[in-house]
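Okay, work-v1.tsv is below, TSV, C-alpha atoms:
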chain	number	residue	atom	x	y	z
B	747	MET	CA	-21.10	10.90	-10.97
B	748	LYS	CA	-20.89	7.21	-11.84
B	749	ALA	CA	-18.34	4.88	-10.24
B	750	ALA	CA	-17.44	1.28	-11.01
B	751	VAL	CA	-15.78	-1.03	-8.47
B	752	ILE	CA	-14.06	-4.17	-9.74
B	753	GLY	CA	-14.01	-6.75	-6.97
B	754	PHE	CA	-15.86	-6.22	-3.73
B	755	GLY	CA	-13.82	-7.13	-0.67
B	756	SER	CA	-13.20	-5.04	2.45
B	757	ILE	CA	-11.16	-2.32	0.70
B	758	ALA	CA	-13.87	-1.90	-1.97
B	759	LYS	CA	-16.46	-1.43	0.76
B	760	ARG	CA	-14.29	1.26	2.35
B	761	HIS	CA	-13.92	3.11	-0.96
B	762	VAL	CA	-17.67	3.00	-1.56
B	763	GLU	CA	-18.49	4.20	1.97
B	764	ASN	CA	-16.05	7.09	1.70
B	765	LEU	CA	-17.24	7.99	-1.79
B	766	ARG	CA	-20.89	8.03	-0.71
B	767	ALA	CA	-20.04	10.11	2.35
B	768	SER	CA	-18.44	12.84	0.22
B	769	HIS	CA	-20.65	12.41	-2.88
B	770	PRO	CA	-24.04	11.01	-1.81
B	771	GLU	CA	-25.40	11.43	-5.32
B	772	VAL	CA	-22.93	8.93	-6.80
B	773	GLU	CA	-24.27	5.90	-8.68
B	774	VAL	CA	-22.18	2.78	-8.05
B	775	LEU	CA	-21.79	-0.40	-10.08
B	776	ALA	CA	-19.85	-3.38	-8.70
B	777	LEU	CA	-18.31	-6.00	-10.96
B	778	ARG	CA	-17.79	-9.31	-9.14
B	779	GLN	CA	-17.81	-13.02	-9.90
B	780	GLN	CA	-21.16	-13.55	-8.18
B	781	ALA	CA	-23.67	-10.84	-9.03
B	782	LYS	CA	-25.32	-10.83	-5.62
B	783	PRO	CA	-26.71	-7.54	-4.21
B	784	VAL	CA	-24.39	-5.71	-1.82
B	785	ALA	CA	-25.04	-2.77	0.50
B	786	GLY	CA	-24.27	0.66	-0.89
B	787	VAL	CA	-24.20	-0.51	-4.52
B	788	ASP	CA	-26.85	0.32	-7.11
B	789	ILE	CA	-25.94	-2.29	-9.72
B	790	VAL	CA	-24.08	-5.58	-9.30
B	791	THR	CA	-22.95	-7.51	-12.36
B	792	SER	CA	-20.43	-10.09	-13.50
B	793	ASP	CA	-20.51	-8.81	-17.09
B	794	TRP	CA	-17.79	-6.44	-18.33
B	795	SER	CA	-19.99	-5.29	-21.21
B	796	GLU	CA	-22.56	-4.10	-18.69
B	797	LEU	CA	-19.87	-2.17	-16.83
B	798	LEU	CA	-18.73	-0.44	-20.02
B	799	ALA	CA	-22.34	0.30	-21.02
B	800	PHE	CA	-22.79	1.87	-17.57
B	801	ALA	CA	-20.14	4.41	-18.71
B	802	PRO	CA	-18.52	5.12	-15.33
B	803	ASP	CA	-16.65	8.36	-14.77
B	804	ILE	CA	-14.25	6.68	-12.37
B	805	ALA	CA	-13.29	3.12	-11.42
B	806	PHE	CA	-11.64	1.34	-8.51
B	807	VAL	CA	-9.67	-1.84	-9.22
B	808	THR	CA	-9.83	-3.83	-5.96
B	809	SER	CA	-9.54	-7.36	-7.35
B	810	PRO	CA	-6.61	-9.78	-6.71
B	811	SER	CA	-3.36	-8.27	-7.95
B	812	SER	CA	-3.03	-11.01	-10.57
B	813	CYS	CA	-6.01	-9.37	-12.34
B	814	HIS	CA	-5.00	-5.71	-11.95
B	815	ILE	CA	-3.16	-5.16	-15.21
B	816	SER	CA	-5.68	-6.68	-17.63
B	817	GLN	CA	-8.59	-4.93	-15.88
B	818	ALA	CA	-6.83	-1.57	-15.68
B	819	VAL	CA	-5.86	-1.78	-19.36
B	820	THR	CA	-9.53	-2.25	-20.32
B	821	LEU	CA	-10.59	0.70	-18.19
B	822	VAL	CA	-7.84	3.02	-19.40
B	823	GLU	CA	-8.40	2.10	-23.05
B	824	ASN	CA	-12.03	3.14	-22.54
B	825	GLY	CA	-10.95	6.49	-21.08
B	826	ILE	CA	-12.10	5.70	-17.53
B	827	ASP	CA	-10.17	7.42	-14.72
B	828	THR	CA	-8.91	4.63	-12.47
B	829	LEU	CA	-7.57	4.06	-8.97
B	830	ILE	CA	-5.74	0.72	-8.69
B	831	GLU	CA	-5.27	-0.94	-5.32
B	832	LYS	CA	-1.75	-1.92	-4.37
B	833	PRO	CA	0.26	-3.75	-5.52
B	834	LEU	CA	0.17	-2.70	-9.15
B	835	ALA	CA	0.50	-6.36	-10.21
B	836	ASN	CA	1.85	-9.64	-8.92
B	837	SER	CA	4.93	-9.35	-11.16
B	838	LEU	CA	6.65	-6.96	-13.52
B	839	ALA	CA	5.87	-9.12	-16.57
B	840	GLU	CA	2.65	-7.41	-17.68
B	841	VAL	CA	3.35	-3.86	-16.54
B	842	ALA	CA	4.48	-2.70	-19.98
B	843	SER	CA	1.02	-3.31	-21.43
B	844	LEU	CA	-0.55	-0.94	-18.90
B	845	GLN	CA	2.15	1.67	-19.44
B	846	ALA	CA	1.52	1.53	-23.20
B	847	ALA	CA	-2.26	1.77	-22.77
B	848	HIS	CA	-1.90	4.70	-20.40
B	849	ALA	CA	0.49	6.52	-22.75
B	850	SER	CA	-2.17	6.34	-25.47
B	851	SER	CA	-5.02	7.48	-23.22
B	852	SER	CA	-6.02	10.67	-21.47
B	853	ALA	CA	-7.36	8.69	-18.48
B	854	ILE	CA	-6.12	9.50	-14.98
B	855	LEU	CA	-4.36	6.48	-13.44
B	856	MET	CA	-3.48	6.43	-9.76
B	857	LEU	CA	-2.08	3.75	-7.44
B	858	ALA	CA	-3.57	3.31	-3.97
B	859	TYR	CA	-0.58	3.56	-1.65
B	860	GLN	CA	-2.67	5.39	0.93
B	861	PHE	CA	0.13	5.86	3.45
B	862	ARG	CA	1.24	8.74	1.23
B	863	PHE	CA	-1.83	10.55	2.67
B	864	TYR	CA	-1.37	9.44	6.30
B	865	SER	CA	-1.03	12.45	8.63
B	866	PRO	CA	1.77	11.03	10.84
B	867	PHE	CA	3.87	10.30	7.74
B	868	LEU	CA	3.30	13.79	6.37
B	869	HIS	CA	4.57	15.03	9.76
B	870	ILE	CA	7.62	12.76	9.48
B	871	ARG	CA	8.30	14.19	6.01
B	872	GLU	CA	8.28	17.69	7.50
B	873	ILE	CA	10.76	16.67	10.20
B	874	LEU	CA	13.06	15.02	7.67
B	875	SER	CA	12.83	18.01	5.32
B	876	SER	CA	13.79	20.35	8.16
B	877	LYS	CA	17.06	18.42	8.62
B	878	ALA	CA	16.44	18.50	12.38
B	879	LEU	CA	17.73	14.92	12.63
B	880	GLY	CA	20.87	15.73	10.67
B	881	ARG	CA	22.19	13.08	8.29
B	882	ILE	CA	20.06	9.94	8.39
B	883	GLN	CA	22.29	7.02	9.33
B	884	SER	CA	19.93	4.11	9.90
B	885	ILE	CA	16.26	3.21	9.48
B	886	ARG	CA	14.37	0.28	11.00
B	887	ILE	CA	10.88	-0.68	9.81
B	888	GLU	CA	9.02	-3.51	11.55
B	889	THR	CA	5.56	-4.74	10.61
B	890	GLY	CA	3.84	-7.94	11.68
B	891	MET	CA	0.20	-9.07	11.73
B	892	TYR	CA	-1.42	-12.51	12.07
B	893	LEU	CA	-3.01	-13.36	8.73
B	894	PRO	CA	-6.07	-15.24	10.14
B	895	ASP	CA	-6.96	-12.05	12.04
B	896	TRP	CA	-6.81	-9.76	9.00
B	897	ARG	CA	-10.28	-10.66	7.75
B	898	PRO	CA	-12.09	-12.50	10.59
B	899	HIS	CA	-15.16	-13.13	8.41
B	900	LEU	CA	-13.08	-15.09	5.88
B	901	ASP	CA	-11.09	-18.33	6.12
B	902	TYR	CA	-7.53	-17.06	5.66
B	903	ARG	CA	-6.76	-20.02	3.36
B	904	ASP	CA	-9.30	-18.66	0.87
B	905	SER	CA	-7.86	-15.15	0.92
B	906	VAL	CA	-5.76	-13.53	-1.78
B	907	SER	CA	-2.96	-13.12	0.77
B	908	ALA	CA	-2.50	-16.88	1.13
B	909	GLN	CA	-2.46	-17.81	-2.57
B	910	ARG	CA	0.46	-17.35	-4.93
B	911	ALA	CA	-1.76	-17.58	-8.02
B	912	LEU	CA	-3.72	-14.53	-6.87
B	913	GLY	CA	-0.69	-12.42	-5.96
B	914	GLY	CA	-0.43	-13.23	-2.26
B	915	GLY	CA	2.59	-13.42	0.00
B	916	VAL	CA	4.16	-11.02	2.45
B	917	LEU	CA	6.21	-8.99	-0.07
B	918	LEU	CA	3.20	-8.04	-2.18
B	919	GLU	CA	0.65	-7.84	0.62
B	920	LEU	CA	2.85	-5.58	2.75
B	921	SER	CA	4.37	-3.63	-0.13
B	922	HIS	CA	3.11	-0.49	1.64
B	923	GLU	CA	6.29	-0.74	3.70
B	924	LEU	CA	8.41	-0.87	0.55
B	925	ASP	CA	6.63	2.14	-0.92
B	926	TYR	CA	6.82	4.39	2.13
B	927	LEU	CA	10.43	3.40	2.82
B	928	ALA	CA	11.38	4.88	-0.56
B	929	TRP	CA	8.94	7.79	-0.29
B	930	LEU	CA	10.23	8.89	3.12
B	931	PHE	CA	13.92	8.06	2.82
B	932	GLY	CA	14.79	7.81	-0.87
B	933	SER	CA	15.41	4.82	-3.10
B	934	PRO	CA	17.43	1.74	-2.09
B	935	LYS	CA	20.72	1.10	-3.89
B	936	ARG	CA	21.08	-2.62	-3.13
B	937	VAL	CA	19.37	-5.24	-0.97
B	938	CYS	CA	20.00	-8.51	0.81
B	939	ALA	CA	17.08	-10.55	2.12
B	940	LEU	CA	15.67	-13.75	3.60
B	941	VAL	CA	12.13	-14.44	2.38
B	942	ARG	CA	10.36	-17.65	3.36
B	943	ARG	CA	7.42	-19.34	5.09
B	944	GLN	CA	8.23	-19.43	8.79
B	945	SER	CA	4.84	-20.42	10.21
B	946	ASP	CA	2.60	-23.51	10.20
B	947	LEU	CA	-0.18	-21.60	8.45
B	948	GLU	CA	-1.62	-23.34	5.39
B	949	LEU	CA	-0.13	-21.14	2.66
B	950	ASP	CA	1.69	-21.59	-0.62
B	951	VAL	CA	3.44	-18.23	-0.24
B	952	GLU	CA	6.13	-16.70	1.91
B	953	ASP	CA	4.87	-15.20	5.19
B	954	SER	CA	8.03	-13.52	6.54
B	955	ALA	CA	10.84	-11.37	5.19
B	956	GLU	CA	13.93	-9.81	6.73
B	957	ALA	CA	16.03	-7.44	4.65
B	958	LEU	CA	19.04	-5.17	4.78
B	959	LEU	CA	19.08	-2.25	2.36
B	960	GLU	CA	21.78	0.22	1.44
B	961	MET	CA	19.98	3.45	0.58
B	962	SER	CA	21.13	5.78	-2.18
B	963	SER	CA	21.74	8.39	0.53
B	964	GLY	CA	24.26	6.08	2.21
B	965	ALA	CA	21.96	5.27	5.12
B	966	PHE	CA	21.50	1.70	6.30
B	967	ALA	CA	17.95	0.36	6.43
B	968	SER	CA	16.55	-2.84	7.87
B	969	LEU	CA	13.09	-4.16	7.20
B	970	HIS	CA	11.04	-6.87	8.86
B	971	ILE	CA	7.58	-7.79	7.57
B	972	ASP	CA	5.47	-10.82	8.44
B	973	MET	CA	1.96	-12.25	8.38
B	974	VAL	CA	2.46	-14.43	11.47
B	975	GLN	CA	2.84	-12.08	14.47
B	976	ARG	CA	-0.01	-12.69	16.92
B	977	VAL	CA	0.17	-9.18	18.40
B	978	PRO	CA	-0.04	-6.58	15.58
B	979	HIS	CA	3.07	-4.43	15.37
B	980	ARG	CA	3.97	-1.58	13.01
B	981	THR	CA	6.79	0.84	13.80
B	982	ILE	CA	9.59	2.95	12.33
B	983	ARG	CA	12.79	4.01	14.11
B	984	VAL	CA	15.23	6.47	12.57
B	985	CYS	CA	18.72	7.38	13.76
B	986	GLY	CA	20.27	10.62	12.51
B	987	SER	CA	23.53	12.39	13.25
B	988	GLU	CA	21.60	15.04	15.22
B	989	GLY	CA	18.62	13.11	16.56
B	990	SER	CA	16.22	10.19	16.48
B	991	LEU	CA	12.61	9.59	15.46
B	992	GLU	CA	10.00	6.94	16.29
B	993	TRP	CA	6.55	6.17	14.88
B	994	ASN	CA	3.96	3.75	16.26
B	995	TRP	CA	0.92	2.67	14.22
B	996	ALA	CA	-0.98	1.44	17.31
B	997	THR	CA	-1.10	4.94	18.78
B	998	HIS	CA	-0.60	7.04	15.59
B	999	THR	CA	2.22	8.73	17.45
B	1000	VAL	CA	5.37	10.39	16.11
B	1001	ARG	CA	8.10	11.52	18.48
B	1002	HIS	CA	11.55	12.85	17.84
B	1003	TRP	CA	14.59	13.88	19.87
B	1004	THR	CA	17.32	16.27	18.77
B	1005	VAL	CA	20.68	17.32	20.14
B	1006	GLU	CA	19.38	20.88	20.16
B	1007	SER	CA	16.20	20.18	22.16
B	1008	GLN	CA	17.65	17.46	24.44
B	1009	ALA	CA	14.08	16.24	24.88
B	1010	TRP	CA	11.51	14.07	23.13
B	1011	GLN	CA	8.89	16.04	21.23
B	1012	GLU	CA	5.75	13.97	20.70
B	1013	LYS	CA	2.74	14.44	18.46
B	1014	VAL	CA	-0.27	12.14	18.82
B	1015	PHE	CA	-2.70	11.93	15.94
B	1016	SER	CA	-6.36	11.01	16.23
B	1017	ASP	CA	-7.53	7.40	16.02
B	1018	THR	CA	-9.40	8.54	12.91
B	1019	ALA	CA	-6.05	8.90	11.12
B	1020	ARG	CA	-6.48	5.43	9.60
B	1021	ASN	CA	-9.66	6.16	7.66
B	1022	THR	CA	-8.67	9.79	7.11
B	1023	MET	CA	-5.79	8.68	4.90
B	1024	TYR	CA	-8.26	6.82	2.69
B	1025	GLU	CA	-10.49	9.89	2.60
B	1026	ASN	CA	-7.52	12.11	1.72
B	1027	GLN	CA	-6.44	9.66	-0.97
B	1028	LEU	CA	-9.94	9.67	-2.48
B	1029	GLU	CA	-10.07	13.47	-2.33
B	1030	HIS	CA	-6.73	13.66	-4.16
B	1031	PHE	CA	-7.87	11.19	-6.82
B	1032	LEU	CA	-11.12	13.08	-7.44
B	1033	ALA	CA	-9.25	16.40	-7.54
B	1034	CYS	CA	-6.93	14.98	-10.23
B	1035	VAL	CA	-9.96	13.70	-12.15
B	1036	LYS	CA	-11.44	17.19	-12.08
B	1037	SER	CA	-8.24	19.13	-12.84
B	1038	ARG	CA	-6.68	16.47	-15.13
B	1039	GLU	CA	-3.44	16.80	-13.18
B	1040	THR	CA	-1.07	13.86	-12.70
B	1041	PRO	CA	-1.70	12.04	-9.38
B	1042	ALA	CA	0.93	12.09	-6.65
B	1043	VAL	CA	1.15	8.29	-6.77
B	1044	GLY	CA	1.34	6.82	-10.25
B	1045	VAL	CA	2.28	3.75	-12.24
B	1046	GLY	CA	5.98	4.54	-11.81
B	1047	ASP	CA	5.65	4.24	-8.04
B	1048	GLY	CA	3.92	0.89	-8.45
B	1049	VAL	CA	6.69	-0.32	-10.75
B	1050	ALA	CA	9.35	0.81	-8.24
B	1051	ALA	CA	7.66	-1.20	-5.48
B	1052	LEU	CA	7.47	-4.28	-7.72
B	1053	GLN	CA	11.14	-3.90	-8.64
B	1054	LEU	CA	12.00	-3.92	-4.95
B	1055	VAL	CA	9.76	-6.96	-4.38
B	1056	SER	CA	11.59	-8.75	-7.20
B	1057	ALA	CA	15.01	-7.77	-5.86
B	1058	LEU	CA	14.20	-9.03	-2.36
B	1059	ALA	CA	12.87	-12.33	-3.70
B	1060	ARG	CA	15.91	-12.84	-5.96
B	1061	SER	CA	18.30	-11.98	-3.13
B	1062	SER	CA	16.72	-14.65	-0.95
B	1063	GLU	CA	16.77	-17.25	-3.73
B	1064	ARG	CA	20.38	-16.56	-4.73
B	1065	GLU	CA	21.67	-15.78	-1.23
B	1066	GLU	CA	23.41	-12.64	-2.47
B	1067	TRP	CA	23.16	-8.86	-2.59
B	1068	ILE	CA	21.03	-7.52	-5.46
B	1069	SER	CA	21.60	-4.05	-6.95
B	1070	LEU	CA	18.68	-1.93	-8.07
Could you express the structure from this file as structure tokens?
Amino acid sequence: MKAAVIGFGSIAKRHVENLRASHPEVEVLALRQQAKPVAGVDIVTSDWSELLAFAPDIAFVTSPSSCHISQAVTLVENGIDTLIEKPLANSLAEVASLQAAHASSSAILMLAYQFRFYSPFLHIREILSSKALGRIQSIRIETGMYLPDWRPHLDYRDSVSAQRALGGGVLLELSHELDYLAWLFGSPKRVCALVRRQSDLELDVEDSAEALLEMSSGAFASLHIDMVQRVPHRTIRVCGSEGSLEWNWATHTVRHWTVESQAWQEKVFSDTARNTMYENQLEHFLACVKSRETPAVGVGDGVAALQLVSALARSSEREEWISL
């Protein structure tokens, strides 16, 4: 098997490590601006023609989101099965070109929203499907992390996250929360948000967002995401007519209480759950490549997340509710 990786930051390294662990025979080419040797990679180049001549079976697009569409279009048009890191793009403007290229190609195209393969969330889906919590009435998602701590080896001001031109900002960088909100609880109907820079960090993007969402189910949802919180925090709380549910990223714990049980039932997942979701995502992608089946997370999911990003930004700018 031959694999190409476009961009080579921390997520690319994780993909390569996981790919080599499951397929040690794989030959890897990395395309990056500076063609310096990197561990775990057989060929490093800055030349797209060399990548195409390499004839990879699969590719990982891990570059800044502002580059995703043009790079993915080239790969898909050349019939290369591709996994694109989130978000799909930094705006909806260019998405149509990728959709058209994909429609004319037999290439597998998958989006890397890896929380779809996270064991605690699969457990939450089971609980929700069982209707044990009754009718879902409210949802609260809170996520905060201090941007300078995300990549300690890199000056945060040089990161994609801090630069609007590269697709940074809290809405795009933490669009995982937007994706799993819809995946777990259904699509939002309308939104109202405040999105702005609240910190003294040297950024040209928003670093905090607070939103209210009316879900299509009728449930209320509230969402807080930021890149300024000094103590990392990632939680979900759900209130249903027959019970409640809580999830904590720090402990990979899901617990729920029901009227019937009158007690909290808790399930703690291993600390390996974080990398396991990447491994499961890779396994799913490779299985789709082999079977030629449509991936569980596709371009449509990426578009839905971008539409929500756009709605939240417009709501904040206009100071009004935005319908989706």
Coordinates-based distance that separates atom CA of Leu1070 of chain B from atom CA of Pro934 of chain B (Å, one decimal): 7.1 Å
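Between atom CA of Asp803 of chain B and atom CA of Ala749 of chain B lies a distance of 6.0 Å.
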Check the smallest atom-to-atom distance from each of B:Val1000, B:Ala799, B:Ala1051, B:Ala967 to Cys985 of chain B using only C-alpha atoms, then report the winner. B:Ala967
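Minimum atom-to-atom distance to Gly915 of chain B, evaluated using all atoms listed in the file, belongs to B:Ser811 out of B:Ser962, B:Ser811, B:Ser987, B:Thr981.
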If you count only C-alpha atoms, which residues fall within 9 Å of segment 893-908 of chain B, apart from same-chain ones fewer than 6 positions away, as a count of residues only? 20
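Taking only C-alpha atoms into account, Val790 of chain B lies nearest to B:Gly753 out of the set B:Gly880, B:Gly753, B:Pro802, B:Gly986.
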Would you pick out the contacts of segment 1055-1064 of chain B at 6 Å or less, using all atoms listed in the file, so that residues sharing its chain but fewer than 5 positions from it are not included, and give the list as a ChimeraX atom specification? /B:917,938-941
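Counting from atom CA of Leu1054 of chain B, the distance to atom CA of Asn1026 of chain B is 26.1 Å.
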Residues at most 9 Å from Ala801 of chain B, counting all atoms listed in the file, excluding those fewer than 6 positions away in the same chain, as a PyMOL selection string? chain B and resi 748-750+826
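If only C-alpha atoms are the atoms counted, then among B:Gln780, B:Thr828, B:Thr997, B:Ser933 the closest residue to Pro866 of chain B is B:Thr997.
Among the candidate residues B:Lys877, B:Met1023, B:Glu1066, B:Arg936, the one lying nearest to Thr1004 of chain B is B:Lys877, with distances computed using only C-alpha atoms.
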For Asp793 of chain B, please output as a short mmCIF file (atom, residue, chain, number, x, y, z; two decimals) with C-alpha atoms, keeping the file's coordinate frame all residues within 9 Å (counting only C-alpha atoms; exclusion window: fewer than 6 positions along the same chain).
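This is the output file part_38.cif:
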data_model
loop_
_atom_site.label_atom_id
_atom_site.label_comp_id
_atom_site.auth_asym_id
_atom_site.auth_seq_id
_atom_site.Cartn_x
_atom_site.Cartn_y
_atom_site.Cartn_z
CA LEU B 777 -18.31 -6.00 -10.96
CA ARG B 778 -17.79 -9.31 -9.14
CA GLN B 779 -17.81 -13.02 -9.90
CA ALA B 781 -23.67 -10.84 -9.03
#
